[in-house]
2 protein chains.
Amino acid sequence: MNYPIIVDVTLREGIADPEGATIERALPALGFNGISHVRAGKSFRMNIDAEDESSALAIAAALAQRLLSNPVIENATARSAAKG
Amino acid sequence: MNYPIIVDVTLREGIADPEGATIERALPALGFNGISHVRAGKSFRMNIDAEDESSALAIAAALAQRLLSNPVIENATARSAAKG
């Protein structure tokens, strides 16, 4: 079976996020107030052939750790795209 | 109230995704087989002050359209981070 999986890669707490900080600083001038703690991240959507969904998630988690993220500064989590 | 919101920005169907294609091409050599349709995207997490969650999502959707995405080539969707 083929499972749609999303890997979310986010910066760890405490790691500086210049992109998020820049967006946050620009917001008031653009008419958006009351928005804080903007953090930028990446996401990767893919289809994985596996016996069941938990195997697909395990493959995605391994992939996320080895390839898609830098574990020193980033957290990676895999989730099913089918659940929305 | 303060609501944690995530904005997901993904490339529209049919738009070339060199980053996703490069990852997909590298996978077999790294021992990952059966993975297809890799698409790279971005995500932005933020806290929004609003009267209720649907107002917070509306603010995030406006922000996503105006600032965080290029609507010509990207789709942006806002969701609550509290629901996971």
# chains A, B, ... in the order shown; residues from 1 in each chain; ligands from 1

call {"tool": "interface_residues", "arguments": {"of": "chain B", "to": "chain A", "cutoff": "9 Å", "atoms": "only C-alpha atoms", "output": "PyMOL selection string"}}
result
chain B and resi 2+8-10+20+23+27+32-50+59+63+67-68

call {"tool": "select_by_dssp", "arguments": {"residues": "chain A", "states": "alpha helix (DSSP H)", "output": "ChimeraX atom specification"}}
result
/A:18-26,53-63

call {"tool": "write_last_selection", "arguments": {"atoms": "N, CA and C atoms", "output": "PDB file, in the first residue's frame"}}
result
ATOM      1  N   PRO A  18      15.964  33.759  12.318  1.00  0.00           N
ATOM      2  CA  PRO A  18      15.967  35.087  11.688  1.00  0.00           C
ATOM      3  C   PRO A  18      14.784  35.287  10.738  1.00  0.00           C
ATOM      4  N   GLU A  19      14.373  34.226  10.036  1.00  0.00           N
ATOM      5  CA  GLU A  19      13.256  34.368   9.091  1.00  0.00           C
ATOM      6  C   GLU A  19      11.959  34.693   9.848  1.00  0.00           C
ATOM      7  N   GLY A  20      11.704  33.924  10.901  1.00  0.00           N
ATOM      8  CA  GLY A  20      10.506  34.184  11.706  1.00  0.00           C
ATOM      9  C   GLY A  20      10.550  35.564  12.341  1.00  0.00           C
ATOM     10  N   ALA A  21      11.720  35.956  12.840  1.00  0.00           N
ATOM     11  CA  ALA A  21      11.857  37.260  13.501  1.00  0.00           C
ATOM     12  C   ALA A  21      11.617  38.396  12.510  1.00  0.00           C
ATOM     13  N   THR A  22      12.099  38.224  11.286  1.00  0.00           N
ATOM     14  CA  THR A  22      11.917  39.258  10.264  1.00  0.00           C
ATOM     15  C   THR A  22      10.444  39.403   9.901  1.00  0.00           C
ATOM     16  N   ILE A  23       9.761  38.277   9.739  1.00  0.00           N
ATOM     17  CA  ILE A  23       8.323  38.319   9.444  1.00  0.00           C
ATOM     18  C   ILE A  23       7.592  39.026  10.575  1.00  0.00           C
ATOM     19  N   GLU A  24       7.915  38.636  11.814  1.00  0.00           N
ATOM     20  CA  GLU A  24       7.220  39.214  12.966  1.00  0.00           C
ATOM     21  C   GLU A  24       7.408  40.734  13.028  1.00  0.00           C
ATOM     22  N   ARG A  25       8.620  41.186  12.711  1.00  0.00           N
ATOM     23  CA  ARG A  25       8.911  42.617  12.770  1.00  0.00           C
ATOM     24  C   ARG A  25       8.164  43.377  11.681  1.00  0.00           C
ATOM     25  N   ALA A  26       7.912  42.732  10.555  1.00  0.00           N
ATOM     26  CA  ALA A  26       7.242  43.403   9.438  1.00  0.00           C
ATOM     27  C   ALA A  26       5.730  43.502   9.629  1.00  0.00           C
ATOM     28  N   GLU A  53       0.453   1.642   7.784  1.00  0.00           N
ATOM     29  CA  GLU A  53       0.757   3.049   7.998  1.00  0.00           C
ATOM     30  C   GLU A  53       1.850   3.259   9.035  1.00  0.00           C
ATOM     31  N   SER A  54       1.894   2.393  10.063  1.00  0.00           N
ATOM     32  CA  SER A  54       2.923   2.626  11.087  1.00  0.00           C
ATOM     33  C   SER A  54       4.316   2.337  10.512  1.00  0.00           C
ATOM     34  N   SER A  55       4.438   1.362   9.596  1.00  0.00           N
ATOM     35  CA  SER A  55       5.725   1.147   8.920  1.00  0.00           C
ATOM     36  C   SER A  55       6.094   2.366   8.085  1.00  0.00           C
ATOM     37  N   ALA A  56       5.109   2.915   7.373  1.00  0.00           N
ATOM     38  CA  ALA A  56       5.377   4.100   6.542  1.00  0.00           C
ATOM     39  C   ALA A  56       5.861   5.256   7.418  1.00  0.00           C
ATOM     40  N   LEU A  57       5.231   5.422   8.590  1.00  0.00           N
ATOM     41  CA  LEU A  57       5.637   6.503   9.494  1.00  0.00           C
ATOM     42  C   LEU A  57       7.048   6.262  10.036  1.00  0.00           C
ATOM     43  N   ALA A  58       7.397   4.982  10.282  1.00  0.00           N
ATOM     44  CA  ALA A  58       8.738   4.672  10.783  1.00  0.00           C
ATOM     45  C   ALA A  58       9.791   4.983   9.716  1.00  0.00           C
ATOM     46  N   ILE A  59       9.487   4.626   8.451  1.00  0.00           N
ATOM     47  CA  ILE A  59      10.411   4.959   7.358  1.00  0.00           C
ATOM     48  C   ILE A  59      10.579   6.477   7.273  1.00  0.00           C
ATOM     49  N   ALA A  60       9.455   7.198   7.345  1.00  0.00           N
ATOM     50  CA  ALA A  60       9.508   8.664   7.249  1.00  0.00           C
ATOM     51  C   ALA A  60      10.307   9.261   8.403  1.00  0.00           C
ATOM     52  N   ALA A  61      10.163   8.694   9.606  1.00  0.00           N
ATOM     53  CA  ALA A  61      10.892   9.228  10.759  1.00  0.00           C
ATOM     54  C   ALA A  61      12.399   9.019  10.574  1.00  0.00           C
ATOM     55  N   ALA A  62      12.796   7.852  10.044  1.00  0.00           N
ATOM     56  CA  ALA A  62      14.218   7.585   9.798  1.00  0.00           C
ATOM     57  C   ALA A  62      14.775   8.550   8.751  1.00  0.00           C
ATOM     58  N   LEU A  63      14.005   8.708   7.696  1.00  0.00           N
ATOM     59  CA  LEU A  63      14.356   9.633   6.614  1.00  0.00           C
ATOM     60  C   LEU A  63      14.502  11.061   7.135  1.00  0.00           C
TER      61      LEU A  63
END

call {"tool": "select_by_dssp", "arguments": {"residues": "chain B", "states": "strand (DSSP E)", "output": "ChimeraX atom specification"}}
result
/B:2-11,35-49,74-80

call {"tool": "write_last_selection", "arguments": {"atoms": "C-alpha atoms", "output": "short mmCIF file (atom, residue, chain, number, x, y, z; two decimals), in the first residue's frame"}}
result
data_model
loop_
_atom_site.label_atom_id
_atom_site.label_comp_id
_atom_site.auth_asym_id
_atom_site.auth_seq_id
_atom_site.Cartn_x
_atom_site.Cartn_y
_atom_site.Cartn_z
CA ASN B 2 -4.03 33.73 22.28
CA TYR B 3 -4.29 30.95 19.69
CA PRO B 4 -1.40 28.90 18.29
CA ILE B 5 -1.80 28.71 14.52
CA ILE B 6 0.20 26.96 11.80
CA VAL B 7 0.23 28.20 8.21
CA ASP B 8 1.27 25.56 5.67
CA VAL B 9 2.57 26.78 2.32
CA THR B 10 2.86 24.19 -0.45
CA LEU B 11 3.58 24.41 -4.15
CA ILE B 35 9.20 6.73 -1.81
CA SER B 36 7.62 8.91 -4.48
CA HIS B 37 6.03 12.31 -5.07
CA VAL B 38 8.31 14.16 -2.66
CA ARG B 39 7.22 17.81 -2.43
CA ALA B 40 8.95 20.43 -0.30
CA GLY B 41 6.98 23.14 1.46
CA LYS B 42 7.19 25.70 4.23
CA SER B 43 5.37 26.13 7.49
CA PHE B 44 4.98 29.06 9.84
CA ARG B 45 3.92 28.70 13.45
CA MET B 46 2.68 31.75 15.34
CA ASN B 47 0.51 32.89 18.24
CA ILE B 48 -2.41 35.15 17.32
CA ASP B 49 -4.40 37.32 19.72
CA GLU B 74 1.67 28.29 -3.89
CA ASN B 75 -1.31 27.24 -1.80
CA ALA B 76 -1.51 28.42 1.80
CA THR B 77 -3.74 26.97 4.48
CA ALA B 78 -4.09 27.92 8.14
CA ARG B 79 -4.85 25.41 10.88
CA SER B 80 -4.91 25.37 14.64
#

call {"tool": "atom_distance", "arguments": {"atom1": "atom CA of B:Asp17", "atom2": "atom CA of A:Glu13"}}
result
29.0 Å

call {"tool": "decode", "arguments": {"residues": "stretch 24-51 of chain B", "atoms": "N, CA and C atoms", "output": "PDB file, in the first residue's frame"}}
result
ATOM      1  N   GLU B  24      14.095  13.187  -3.828  1.00  0.00           N
ATOM      2  CA  GLU B  24      13.576  11.910  -4.322  1.00  0.00           C
ATOM      3  C   GLU B  24      14.653  11.122  -5.068  1.00  0.00           C
ATOM      4  N   ARG B  25      15.461  11.835  -5.863  1.00  0.00           N
ATOM      5  CA  ARG B  25      16.508  11.188  -6.647  1.00  0.00           C
ATOM      6  C   ARG B  25      17.602  10.626  -5.744  1.00  0.00           C
ATOM      7  N   ALA B  26      17.838  11.262  -4.609  1.00  0.00           N
ATOM      8  CA  ALA B  26      18.913  10.825  -3.711  1.00  0.00           C
ATOM      9  C   ALA B  26      18.516   9.623  -2.862  1.00  0.00           C
ATOM     10  N   LEU B  27      17.228   9.379  -2.694  1.00  0.00           N
ATOM     11  CA  LEU B  27      16.777   8.383  -1.732  1.00  0.00           C
ATOM     12  C   LEU B  27      17.271   6.959  -1.978  1.00  0.00           C
ATOM     13  N   PRO B  28      17.165   6.418  -3.228  1.00  0.00           N
ATOM     14  CA  PRO B  28      17.578   5.014  -3.407  1.00  0.00           C
ATOM     15  C   PRO B  28      19.040   4.772  -3.018  1.00  0.00           C
ATOM     16  N   ALA B  29      19.923   5.715  -3.342  1.00  0.00           N
ATOM     17  CA  ALA B  29      21.334   5.555  -3.005  1.00  0.00           C
ATOM     18  C   ALA B  29      21.555   5.558  -1.495  1.00  0.00           C
ATOM     19  N   LEU B  30      20.609   6.111  -0.757  1.00  0.00           N
ATOM     20  CA  LEU B  30      20.733   6.186   0.699  1.00  0.00           C
ATOM     21  C   LEU B  30      19.954   5.077   1.395  1.00  0.00           C
ATOM     22  N   GLY B  31      19.434   4.143   0.602  1.00  0.00           N
ATOM     23  CA  GLY B  31      18.783   2.985   1.197  1.00  0.00           C
ATOM     24  C   GLY B  31      17.285   3.131   1.411  1.00  0.00           C
ATOM     25  N   PHE B  32      16.695   4.191   0.883  1.00  0.00           N
ATOM     26  CA  PHE B  32      15.240   4.354   1.015  1.00  0.00           C
ATOM     27  C   PHE B  32      14.576   4.069  -0.320  1.00  0.00           C
ATOM     28  N   ASN B  33      13.764   3.017  -0.354  1.00  0.00           N
ATOM     29  CA  ASN B  33      13.072   2.667  -1.596  1.00  0.00           C
ATOM     30  C   ASN B  33      11.572   2.834  -1.427  1.00  0.00           C
ATOM     31  N   GLY B  34      10.881   2.938  -2.551  1.00  0.00           N
ATOM     32  CA  GLY B  34       9.416   2.997  -2.508  1.00  0.00           C
ATOM     33  C   GLY B  34       8.879   4.333  -2.045  1.00  0.00           C
ATOM     34  N   ILE B  35       9.675   5.393  -2.183  1.00  0.00           N
ATOM     35  CA  ILE B  35       9.195   6.727  -1.806  1.00  0.00           C
ATOM     36  C   ILE B  35       9.055   7.569  -3.071  1.00  0.00           C
ATOM     37  N   SER B  36       7.872   8.145  -3.258  1.00  0.00           N
ATOM     38  CA  SER B  36       7.616   8.906  -4.478  1.00  0.00           C
ATOM     39  C   SER B  36       6.879  10.200  -4.159  1.00  0.00           C
ATOM     40  N   HIS B  37       6.777  11.049  -5.198  1.00  0.00           N
ATOM     41  CA  HIS B  37       6.033  12.306  -5.068  1.00  0.00           C
ATOM     42  C   HIS B  37       6.497  13.138  -3.881  1.00  0.00           C
ATOM     43  N   VAL B  38       7.798  13.310  -3.737  1.00  0.00           N
ATOM     44  CA  VAL B  38       8.313  14.156  -2.660  1.00  0.00           C
ATOM     45  C   VAL B  38       8.110  15.622  -3.053  1.00  0.00           C
ATOM     46  N   ARG B  39       7.458  16.385  -2.179  1.00  0.00           N
ATOM     47  CA  ARG B  39       7.222  17.812  -2.432  1.00  0.00           C
ATOM     48  C   ARG B  39       7.677  18.586  -1.196  1.00  0.00           C
ATOM     49  N   ALA B  40       8.468  19.615  -1.419  1.00  0.00           N
ATOM     50  CA  ALA B  40       8.951  20.431  -0.305  1.00  0.00           C
ATOM     51  C   ALA B  40       8.005  21.610  -0.089  1.00  0.00           C
ATOM     52  N   GLY B  41       7.817  22.000   1.143  1.00  0.00           N
ATOM     53  CA  GLY B  41       6.976  23.144   1.458  1.00  0.00           C
ATOM     54  C   GLY B  41       7.514  23.897   2.657  1.00  0.00           C
ATOM     55  N   LYS B  42       6.784  24.912   3.073  1.00  0.00           N
ATOM     56  CA  LYS B  42       7.192  25.695   4.233  1.00  0.00           C
ATOM     57  C   LYS B  42       6.057  25.716   5.244  1.00  0.00           C
ATOM     58  N   SER B  43       6.410  25.960   6.486  1.00  0.00           N
ATOM     59  CA  SER B  43       5.369  26.127   7.489  1.00  0.00           C
ATOM     60  C   SER B  43       5.766  27.261   8.421  1.00  0.00           C
ATOM     61  N   PHE B  44       4.755  27.947   8.926  1.00  0.00           N
ATOM     62  CA  PHE B  44       4.978  29.062   9.844  1.00  0.00           C
ATOM     63  C   PHE B  44       4.073  28.876  11.047  1.00  0.00           C
ATOM     64  N   ARG B  45       4.692  28.829  12.212  1.00  0.00           N
ATOM     65  CA  ARG B  45       3.924  28.705  13.452  1.00  0.00           C
ATOM     66  C   ARG B  45       3.892  30.069  14.123  1.00  0.00           C
ATOM     67  N   MET B  46       2.777  30.444  14.675  1.00  0.00           N
ATOM     68  CA  MET B  46       2.679  31.754  15.341  1.00  0.00           C
ATOM     69  C   MET B  46       1.569  31.736  16.371  1.00  0.00           C
ATOM     70  N   ASN B  47       1.607  32.701  17.286  1.00  0.00           N
ATOM     71  CA  ASN B  47       0.511  32.885  18.237  1.00  0.00           C
ATOM     72  C   ASN B  47      -0.259  34.137  17.841  1.00  0.00           C
ATOM     73  N   ILE B  48      -1.573  34.035  17.757  1.00  0.00           N
ATOM     74  CA  ILE B  48      -2.406  35.155  17.318  1.00  0.00           C
ATOM     75  C   ILE B  48      -3.406  35.506  18.413  1.00  0.00           C
ATOM     76  N   ASP B  49      -3.398  36.806  18.781  1.00  0.00           N
ATOM     77  CA  ASP B  49      -4.403  37.321  19.723  1.00  0.00           C
ATOM     78  C   ASP B  49      -5.698  37.556  18.971  1.00  0.00           C
ATOM     79  N   ALA B  50      -6.774  36.907  19.383  1.00  0.00           N
ATOM     80  CA  ALA B  50      -8.052  37.112  18.703  1.00  0.00           C
ATOM     81  C   ALA B  50      -9.181  36.752  19.665  1.00  0.00           C
ATOM     82  N   GLU B  51     -10.406  37.123  19.257  1.00  0.00           N
ATOM     83  CA  GLU B  51     -11.567  36.869  20.132  1.00  0.00           C
ATOM     84  C   GLU B  51     -11.858  35.379  20.231  1.00  0.00           C
TER      85      GLU B  51
END
